[in-house]
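Participant: Provided herewith: start09.pdb, PDB, N, CA and C atoms and all ligand atoms.
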```pdb
ATOM      1  N   MET A  15      79.104  99.584 105.318
ATOM      2  CA  MET A  15      78.061  98.947 106.114
ATOM      3  C   MET A  15      76.826  98.726 105.231
ATOM      4  N   ASP A  16      76.223  97.579 105.338
ATOM      5  CA  ASP A  16      75.048  97.265 104.537
ATOM      6  C   ASP A  16      73.794  97.614 105.324
ATOM      7  N   ARG A  17      72.982  98.529 104.766
ATOM      8  CA  ARG A  17      71.773  98.931 105.469
ATOM      9  C   ARG A  17      70.566  98.714 104.575
ATOM     10  N   PRO A  18      69.498  98.153 105.132
ATOM     11  CA  PRO A  18      68.292  97.957 104.333
ATOM     12  C   PRO A  18      67.776  99.294 103.809
ATOM     13  N   GLY A  19      67.378  99.332 102.580
ATOM     14  CA  GLY A  19      66.799 100.536 102.025
ATOM     15  C   GLY A  19      67.804 101.579 101.623
ATOM     16  N   ARG A  20      69.058 101.298 101.806
ATOM     17  CA  ARG A  20      70.071 102.288 101.480
ATOM     18  C   ARG A  20      70.152 102.436  99.968
ATOM     19  N   LYS A  21      70.312 103.689  99.539
ATOM     20  CA  LYS A  21      70.382 103.905  98.098
ATOM     21  C   LYS A  21      71.677 103.314  97.548
ATOM     22  N   ALA A  22      71.668 103.009  96.280
ATOM     23  CA  ALA A  22      72.839 102.437  95.651
ATOM     24  C   ALA A  22      73.910 103.502  95.446
ATOM     25  N   PRO A  23      75.170 103.091  95.287
ATOM     26  CA  PRO A  23      76.207 104.053  94.934
ATOM     27  C   PRO A  23      75.834 104.762  93.630
ATOM     28  N   PRO A  24      76.364 105.922  93.303
ATOM     29  CA  PRO A  24      77.482 106.585  93.952
ATOM     30  C   PRO A  24      77.123 107.202  95.311
ATOM     31  N   LEU A  25      78.134 107.343  96.100
ATOM     32  CA  LEU A  25      77.949 107.950  97.406
ATOM     33  C   LEU A  25      77.661 109.437  97.254
ATOM     34  N   ALA A  26      77.128 110.000  98.307
ATOM     35  CA  ALA A  26      76.898 111.438  98.326
ATOM     36  C   ALA A  26      77.215 111.944  99.722
ATOM     37  N   TYR A  27      77.394 113.222  99.817
ATOM     38  CA  TYR A  27      77.553 113.837 101.131
ATOM     39  C   TYR A  27      76.195 114.266 101.648
ATOM     40  N   VAL A  28      76.097 114.369 102.967
ATOM     41  CA  VAL A  28      74.826 114.608 103.626
ATOM     42  C   VAL A  28      75.013 115.717 104.671
ATOM     43  N   ILE A  29      74.086 116.663 104.691
ATOM     44  CA  ILE A  29      74.118 117.722 105.704
ATOM     45  C   ILE A  29      73.180 117.327 106.842
ATOM     46  N   THR A  30      73.641 117.511 108.063
ATOM     47  CA  THR A  30      72.924 116.978 109.230
ATOM     48  C   THR A  30      72.606 118.068 110.260
ATOM     49  N   GLU A  31      72.125 117.617 111.403
ATOM     50  CA  GLU A  31      71.579 118.448 112.485
ATOM     51  C   GLU A  31      72.319 119.760 112.793
ATOM     52  N   PRO A  32      73.647 119.775 112.897
ATOM     53  CA  PRO A  32      74.288 121.049 113.291
ATOM     54  C   PRO A  32      74.028 122.194 112.321
ATOM     55  N   CYS A  33      73.600 121.894 111.109
ATOM     56  CA  CYS A  33      73.301 122.957 110.137
ATOM     57  C   CYS A  33      71.999 123.680 110.474
ATOM     58  N   ILE A  34      71.112 123.034 111.198
ATOM     59  CA  ILE A  34      69.807 123.640 111.473
ATOM     60  C   ILE A  34      69.998 124.944 112.235
ATOM     61  N   ASN A  35      69.450 126.003 111.667
ATOM     62  CA  ASN A  35      69.555 127.368 112.193
ATOM     63  C   ASN A  35      70.982 127.901 112.214
ATOM     64  N   THR A  36      71.899 127.198 111.564
ATOM     65  CA  THR A  36      73.255 127.714 111.372
ATOM     66  C   THR A  36      73.366 128.268 109.958
ATOM     67  N   LYS A  37      73.085 127.402 108.987
ATOM     68  CA  LYS A  37      73.054 127.823 107.581
ATOM     69  C   LYS A  37      74.268 128.638 107.180
ATOM     70  N   ASN A  38      75.430 128.198 107.587
ATOM     71  CA  ASN A  38      76.649 128.831 107.096
ATOM     72  C   ASN A  38      76.830 128.368 105.655
ATOM     73  N   ALA A  39      77.034 129.293 104.750
ATOM     74  CA  ALA A  39      77.058 128.936 103.327
ATOM     75  C   ALA A  39      78.457 128.647 102.794
ATOM     76  N   ALA A  40      79.402 128.367 103.671
ATOM     77  CA  ALA A  40      80.753 128.058 103.196
ATOM     78  C   ALA A  40      80.739 126.860 102.262
ATOM     79  N   CYS A  41      79.891 125.892 102.541
ATOM     80  CA  CYS A  41      79.809 124.700 101.688
ATOM     81  C   CYS A  41      79.307 125.042 100.297
ATOM     82  N   VAL A  42      78.361 125.960 100.244
ATOM     83  CA  VAL A  42      77.820 126.373  98.952
ATOM     84  C   VAL A  42      78.923 126.952  98.080
ATOM     85  N   GLU A  43      79.788 127.736  98.710
ATOM     86  CA  GLU A  43      80.844 128.415  97.959
ATOM     87  C   GLU A  43      81.903 127.453  97.432
ATOM     88  N   VAL A  44      82.155 126.361  98.142
ATOM     89  CA  VAL A  44      83.222 125.458  97.695
ATOM     90  C   VAL A  44      82.733 124.328  96.793
ATOM     91  N   CYS A  45      81.442 124.103  96.738
ATOM     92  CA  CYS A  45      80.941 122.984  95.938
ATOM     93  C   CYS A  45      81.203 123.237  94.447
ATOM     94  N   PRO A  46      81.948 122.353  93.801
ATOM     95  CA  PRO A  46      82.330 122.589  92.403
ATOM     96  C   PRO A  46      81.199 122.358  91.405
ATOM     97  N   VAL A  47      80.113 121.724  91.856
ATOM     98  CA  VAL A  47      79.029 121.406  90.923
ATOM     99  C   VAL A  47      77.684 122.016  91.342
ATOM    100  N   ASP A  48      77.722 122.934  92.322
ATOM    101  CA  ASP A  48      76.537 123.699  92.718
ATOM    102  C   ASP A  48      75.338 122.808  93.063
ATOM    103  N   VAL A  49      75.592 121.839  93.968
ATOM    104  CA  VAL A  49      74.507 120.935  94.344
ATOM    105  C   VAL A  49      74.113 121.071  95.812
ATOM    106  N   ILE A  50      74.473 122.209  96.436
ATOM    107  CA  ILE A  50      74.026 122.482  97.808
ATOM    108  C   ILE A  50      73.100 123.692  97.748
ATOM    109  N   HIS A  51      71.884 123.491  98.248
ATOM    110  CA  HIS A  51      70.862 124.533  98.186
ATOM    111  C   HIS A  51      70.051 124.525  99.479
ATOM    112  N   PRO A  52      69.323 125.623  99.754
ATOM    113  CA  PRO A  52      69.295 126.837  98.951
ATOM    114  C   PRO A  52      70.558 127.673  99.139
ATOM    115  N   ARG A  53      70.914 128.386  98.082
ATOM    116  CA  ARG A  53      71.986 129.367  98.186
ATOM    117  C   ARG A  53      71.412 130.654  98.774
ATOM    118  N   PRO A  54      72.268 131.495  99.369
ATOM    119  CA  PRO A  54      71.764 132.751  99.948
ATOM    120  C   PRO A  54      71.041 133.638  98.942
ATOM    121  N   ASP A  55      71.299 133.464  97.646
ATOM    122  CA  ASP A  55      70.622 134.299  96.655
ATOM    123  C   ASP A  55      69.356 133.647  96.092
ATOM    124  N   GLU A  56      68.912 132.556  96.698
ATOM    125  CA  GLU A  56      67.691 131.900  96.240
ATOM    126  C   GLU A  56      66.532 132.208  97.199
ATOM    127  N   PRO A  57      65.301 132.220  96.665
ATOM    128  CA  PRO A  57      64.147 132.584  97.496
ATOM    129  C   PRO A  57      63.971 131.689  98.725
ATOM    130  N   GLU A  58      64.324 130.416  98.593
ATOM    131  CA  GLU A  58      64.120 129.481  99.713
ATOM    132  C   GLU A  58      65.060 129.735 100.889
ATOM    133  N   TRP A  59      66.073 130.551 100.683
ATOM    134  CA  TRP A  59      67.053 130.792 101.751
ATOM    135  C   TRP A  59      66.381 131.299 103.029
ATOM    136  N   GLU A  60      65.434 132.200 102.898
ATOM    137  CA  GLU A  60      64.821 132.831 104.069
ATOM    138  C   GLU A  60      64.035 131.847 104.916
ATOM    139  N   THR A  61      63.388 130.884 104.282
ATOM    140  CA  THR A  61      62.518 129.982 105.024
ATOM    141  C   THR A  61      63.175 128.641 105.375
ATOM    142  N   ALA A  62      64.214 128.269 104.654
ATOM    143  CA  ALA A  62      64.868 126.986 104.937
ATOM    144  C   ALA A  62      65.566 127.050 106.291
ATOM    145  N   THR A  63      65.502 125.957 107.029
ATOM    146  CA  THR A  63      66.171 125.921 108.329
ATOM    147  C   THR A  63      67.588 125.382 108.222
ATOM    148  N   MET A  64      67.893 124.746 107.083
ATOM    149  CA  MET A  64      69.226 124.191 106.883
ATOM    150  C   MET A  64      69.486 124.098 105.381
ATOM    151  N   LEU A  65      70.685 123.647 105.038
ATOM    152  CA  LEU A  65      71.048 123.448 103.636
ATOM    153  C   LEU A  65      71.014 121.955 103.327
ATOM    154  N   TYR A  66      70.920 121.638 102.032
ATOM    155  CA  TYR A  66      70.755 120.253 101.617
ATOM    156  C   TYR A  66      71.646 119.940 100.418
ATOM    157  N   VAL A  67      72.176 118.718 100.386
ATOM    158  CA  VAL A  67      72.956 118.247  99.243
ATOM    159  C   VAL A  67      72.042 117.409  98.336
ATOM    160  N   ASP A  68      72.121 117.683  97.047
ATOM    161  CA  ASP A  68      71.406 116.853  96.078
ATOM    162  C   ASP A  68      72.195 115.542  95.907
ATOM    163  N   PRO A  69      71.665 114.426  96.416
ATOM    164  CA  PRO A  69      72.440 113.176  96.390
ATOM    165  C   PRO A  69      72.634 112.610  94.998
ATOM    166  N   VAL A  70      71.838 113.021  94.068
ATOM    167  CA  VAL A  70      71.965 112.502  92.707
ATOM    168  C   VAL A  70      73.135 113.163  91.978
ATOM    169  N   SER A  71      73.351 114.434  92.250
ATOM    170  CA  SER A  71      74.342 115.193  91.484
ATOM    171  C   SER A  71      75.668 115.396  92.213
ATOM    172  N   CYS A  72      75.715 115.098  93.505
ATOM    173  CA  CYS A  72      76.968 115.237  94.268
ATOM    174  C   CYS A  72      78.046 114.344  93.644
ATOM    175  N   VAL A  73      79.252 114.909  93.489
ATOM    176  CA  VAL A  73      80.347 114.141  92.889
ATOM    177  C   VAL A  73      81.315 113.609  93.950
ATOM    178  N   ASP A  74      80.898 113.697  95.228
ATOM    179  CA  ASP A  74      81.633 112.998  96.282
ATOM    180  C   ASP A  74      83.061 113.533  96.472
ATOM    181  N   CYS A  75      83.234 114.852  96.310
ATOM    182  CA  CYS A  75      84.590 115.410  96.405
ATOM    183  C   CYS A  75      85.015 115.685  97.841
ATOM    184  N   GLY A  76      84.057 115.916  98.744
ATOM    185  CA  GLY A  76      84.390 116.149 100.145
ATOM    186  C   GLY A  76      84.713 117.582 100.506
ATOM    187  N   ALA A  77      84.678 118.502  99.556
ATOM    188  CA  ALA A  77      85.029 119.892  99.847
ATOM    189  C   ALA A  77      84.098 120.516 100.880
ATOM    190  N   CYS A  78      82.824 120.168 100.831
ATOM    191  CA  CYS A  78      81.858 120.751 101.764
ATOM    192  C   CYS A  78      82.118 120.295 103.195
ATOM    193  N   GLU A  79      82.529 119.070 103.366
ATOM    194  CA  GLU A  79      82.818 118.558 104.713
ATOM    195  C   GLU A  79      83.948 119.369 105.349
ATOM    196  N   ASP A  80      84.977 119.631 104.576
ATOM    197  CA  ASP A  80      86.106 120.405 105.087
ATOM    198  C   ASP A  80      85.732 121.853 105.375
ATOM    199  N   ALA A  81      84.809 122.399 104.603
ATOM    200  CA  ALA A  81      84.466 123.816 104.731
ATOM    201  C   ALA A  81      83.499 124.108 105.868
ATOM    202  N   CYS A  82      82.728 123.133 106.279
ATOM    203  CA  CYS A  82      81.665 123.381 107.259
ATOM    204  C   CYS A  82      82.245 123.713 108.643
ATOM    205  N   PRO A  83      81.895 124.889 109.208
ATOM    206  CA  PRO A  83      82.452 125.297 110.504
ATOM    207  C   PRO A  83      81.818 124.587 111.698
ATOM    208  N   VAL A  84      80.697 123.877 111.472
ATOM    209  CA  VAL A  84      80.031 123.205 112.588
ATOM    210  C   VAL A  84      80.001 121.683 112.411
ATOM    211  N   SER A  85      80.820 121.172 111.502
ATOM    212  CA  SER A  85      80.931 119.722 111.281
ATOM    213  C   SER A  85      79.579 119.056 111.046
ATOM    214  N   ALA A  86      78.786 119.673 110.188
ATOM    215  CA  ALA A  86      77.456 119.135 109.892
ATOM    216  C   ALA A  86      77.453 118.185 108.705
ATOM    217  N   VAL A  87      78.557 118.120 107.958
ATOM    218  CA  VAL A  87      78.547 117.388 106.688
ATOM    219  C   VAL A  87      79.355 116.097 106.795
ATOM    220  N   PHE A  88      78.755 115.032 106.294
ATOM    221  CA  PHE A  88      79.391 113.709 106.341
ATOM    222  C   PHE A  88      79.166 112.985 105.021
ATOM    223  N   ALA A  89      80.142 112.144 104.644
ATOM    224  CA  ALA A  89      79.884 111.191 103.571
ATOM    225  C   ALA A  89      78.765 110.269 104.055
ATOM    226  N   ASP A  90      77.917 109.828 103.163
ATOM    227  CA  ASP A  90      76.737 109.090 103.642
ATOM    228  C   ASP A  90      77.099 107.802 104.387
ATOM    229  N   ASP A  91      78.234 107.237 104.111
ATOM    230  CA  ASP A  91      78.672 106.061 104.868
ATOM    231  C   ASP A  91      79.112 106.404 106.293
ATOM    232  N   ASP A  92      79.387 107.678 106.546
ATOM    233  CA  ASP A  92      79.929 108.098 107.843
ATOM    234  C   ASP A  92      78.945 108.894 108.688
ATOM    235  N   VAL A  93      77.704 109.005 108.250
ATOM    236  CA  VAL A  93      76.728 109.778 109.027
ATOM    237  C   VAL A  93      76.522 109.112 110.379
ATOM    238  N   PRO A  94      76.666 109.856 111.486
ATOM    239  CA  PRO A  94      76.452 109.267 112.812
ATOM    240  C   PRO A  94      75.053 108.664 112.940
ATOM    241  N   GLU A  95      74.956 107.629 113.746
ATOM    242  CA  GLU A  95      73.709 106.878 113.863
ATOM    243  C   GLU A  95      72.500 107.772 114.151
ATOM    244  N   GLN A  96      72.682 108.740 115.056
ATOM    245  CA  GLN A  96      71.534 109.581 115.455
ATOM    246  C   GLN A  96      71.090 110.534 114.345
ATOM    247  N   TRP A  97      71.888 110.666 113.316
ATOM    248  CA  TRP A  97      71.546 111.586 112.222
ATOM    249  C   TRP A  97      71.322 110.854 110.910
ATOM    250  N   GLN A  98      71.149 109.538 110.948
ATOM    251  CA  GLN A  98      70.941 108.761 109.723
ATOM    252  C   GLN A  98      69.748 109.262 108.909
ATOM    253  N   HIS A  99      68.705 109.742 109.594
ATOM    254  CA  HIS A  99      67.510 110.168 108.870
ATOM    255  C   HIS A  99      67.774 111.375 107.961
ATOM    256  N   PHE A 100      68.872 112.081 108.210
ATOM    257  CA  PHE A 100      69.186 113.221 107.349
ATOM    258  C   PHE A 100      69.565 112.788 105.933
ATOM    259  N   ILE A 101      69.940 111.539 105.738
ATOM    260  CA  ILE A 101      70.192 111.057 104.371
ATOM    261  C   ILE A 101      68.908 111.226 103.560
ATOM    262  N   GLN A 102      67.797 110.829 104.150
ATOM    263  CA  GLN A 102      66.507 110.970 103.470
ATOM    264  C   GLN A 102      66.042 112.425 103.445
ATOM    265  N   VAL A 103      66.314 113.157 104.511
ATOM    266  CA  VAL A 103      65.916 114.571 104.569
ATOM    267  C   VAL A 103      66.551 115.354 103.421
ATOM    268  N   ASN A 104      67.836 115.122 103.187
ATOM    269  CA  ASN A 104      68.507 115.812 102.078
ATOM    270  C   ASN A 104      67.878 115.423 100.742
ATOM    271  N   ALA A 105      67.679 114.133 100.519
ATOM    272  CA  ALA A 105      67.105 113.674  99.251
ATOM    273  C   ALA A 105      65.693 114.213  99.057
ATOM    274  N   ASP A 106      64.906 114.234 100.140
ATOM    275  CA  ASP A 106      63.516 114.678 100.034
ATOM    276  C   ASP A 106      63.412 116.142  99.616
ATOM    277  N   TRP A 107      64.355 116.957 100.054
ATOM    278  CA  TRP A 107      64.265 118.384  99.711
ATOM    279  C   TRP A 107      64.292 118.577  98.204
ATOM    280  N   TYR A 108      65.037 117.710  97.521
ATOM    281  CA  TYR A 108      65.116 117.814  96.061
ATOM    282  C   TYR A 108      63.953 117.109  95.376
ATOM    283  N   SER A 109      63.512 115.992  95.913
ATOM    284  CA  SER A 109      62.423 115.266  95.249
ATOM    285  C   SER A 109      61.090 115.981  95.434
ATOM    286  N   ASN A 110      60.989 116.867  96.440
ATOM    287  CA  ASN A 110      59.740 117.584  96.695
ATOM    288  C   ASN A 110      59.678 118.946  96.021
ATOM    289  N   ARG A 111      60.679 119.291  95.269
ATOM    290  CA  ARG A 111      60.696 120.620  94.635
ATOM    291  C   ARG A 111      59.926 120.624  93.329
TER     292      ARG A 111
HETATM  293  S1  LIG A 201      80.900 116.421  98.272
HETATM  294 FE1  LIG A 201      81.608 117.958  96.726
HETATM  295  S2  LIG A 201      80.078 117.805  95.086
HETATM  296 FE2  LIG A 201      79.162 116.817  96.884
HETATM  297  S3  LIG A 201      77.980 118.461  97.868
HETATM  298 FE3  LIG A 201      80.022 118.419  98.850
HETATM  299  S4  LIG A 201      81.229 119.960  97.729
HETATM  300 FE4  LIG A 201      79.407 119.475  96.437
END
```
Please rewrite the model in this file as structure tokens.
Facilitator:
Amino acid sequence: MDRPGRKAPPLAYVITEPCINTKNAACVEVCPVDVIHPRPDEPEWETATMLYVDPVSCVDCGACEDACPVSAVFADDDVPEQWQHFIQVNADWYSNR
């Protein structure tokens, strides 16, 4: 789908609403390139309300989507309409660090 303002490929996975106050770290454990943060051993874990995928470094493997127990993770092309803003939310967490 062509969307105005959409970032160029490569695709990335996106963590969305069901992760808020869930923060199950199964995705962190399966990510082969360590691009989901904060991890439970990082200082931001205590204050973060959810986890975030770094869209620049994600290699689009899909392991996190399969691992998530609350179905919070989607390929960016498949993010449900009501959660589209999480594409930017994930990216912002990394650009604001
Ligand atoms: S799609 Fe793969 S590389 Fe990207 S965040 Fe998920 S597990 Fe990590």
Participant: Counting only N, CA and C atoms and all ligand atoms, which residues in chain A sit no more than 8 Å from ligand LIG 201 (chain A)? For each one, give the nearest pair of atoms and the distance in Å, sorted by chain then residue number, as CSV.
Facilitator:
```
residue,atom,partner,partner_atom,distance
A:Leu25,C,A:LIG201,FE2,7.5
A:Ala26,C,A:LIG201,FE2,6.0
A:Tyr27,N,A:LIG201,FE2,5.0
A:Val28,N,A:LIG201,S3,6.8
A:Cys41,C,A:LIG201,S4,6.0
A:Val42,N,A:LIG201,S4,7.1
A:Glu43,C,A:LIG201,S4,7.5
A:Val44,C,A:LIG201,S4,4.7
A:Cys45,CA,A:LIG201,S4,3.5
A:Pro46,N,A:LIG201,S4,4.7
A:Val47,N,A:LIG201,S2,5.1
A:Asp48,N,A:LIG201,FE4,5.6
A:Val49,C,A:LIG201,S3,5.1
A:Ile50,N,A:LIG201,S3,5.3
A:His51,N,A:LIG201,S3,7.9
A:Tyr66,C,A:LIG201,S3,7.0
A:Val67,CA,A:LIG201,S3,5.2
A:Asp68,N,A:LIG201,S3,6.0
A:Pro69,N,A:LIG201,S3,7.6
A:Ser71,C,A:LIG201,S2,5.8
A:Cys72,CA,A:LIG201,FE2,3.8
A:Val73,N,A:LIG201,S2,3.4
A:Asp74,N,A:LIG201,FE2,3.9
A:Cys75,N,A:LIG201,S1,3.4
A:Gly76,N,A:LIG201,S1,3.2
A:Ala77,N,A:LIG201,S4,4.2
A:Cys78,N,A:LIG201,S4,3.5
A:Glu79,N,A:LIG201,FE3,5.2
A:Asp80,N,A:LIG201,FE3,7.7
A:Phe88,C,A:LIG201,S1,7.8
A:Ala89,CA,A:LIG201,S1,7.5
```
Participant: Which residue gives the smallest distance to A:Pro54 among A:Ala81, A:Val70, A:Ala39, A:Val87, with all atoms listed in the file counted?
Facilitator: A:Ala39
Participant: Residues of stretch 41-87 of chain A in helix (DSSP H, G or I) according to DSSP, as a ChimeraX atom specification?
Facilitator: /A:41-44,57-59,77-81
Participant: How many Å separate atom N of A:Pro94 from atom C of A:Glu60?
Facilitator: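 For atom N of A:Pro94 relative to atom C of A:Glu60, the distance reads 26.2 Å.
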Participant: For atom C of A:Val84 and atom CA of A:Arg111, quote the distance in Å rounded to one decimal.
Facilitator: 26.3 Å
Participant: Take the PyMOL selection byres (((chain A and resi 31) around 7) and not hetatm), run it mentally on this structure, and tell me the resulting residues as a list in words.
Facilitator: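 Answer for the PyMOL selection byres (((chain A and resi 31) around 7) and not hetatm): Ile29, Thr30, Pro32, Cys33, Ile34, Asn35, Ala86, Trp97 and Phe100 of chain A.
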Participant: My list of candidates is A:Ala105, A:Gln98, A:Thr36, A:Ser85. Which is closest to A:Thr63 when distances are computed with only N, CA and C atoms?
Facilitator: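 That would be A:Thr36, the residue with the smallest distance to A:Thr63.
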Participant: Could you state the separation of atom CA of A:Asn110 and atom CA of A:Cys82 in Å, given to one decimal place?
Facilitator: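 According to the coordinates, atom CA of A:Asn110 and atom CA of A:Cys82 are separated by 25.0 Å.
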Participant: Among stretch 57-97 of chain A, which ones does DSSP assign to strand (DSSP E or B) (computed from the backbone)? Answer as a list in words.
Facilitator: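 Matching residues, listed in order: Tyr66, Val67, Val87, Phe88 and Ala89 of chain A.
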Participant: I need the residue nearest A:Ala62 from this list: A:Gln96, A:Pro83, A:Lys37, A:Val103. Use only N, CA and C atoms for the distance.
Facilitator: A:Lys37
Participant: Pick from A:Asn38, A:Asp55, A:Leu65, A:Asp92: nearest to A:Tyr108, with only C-alpha atoms counted?
Facilitator: A:Leu65
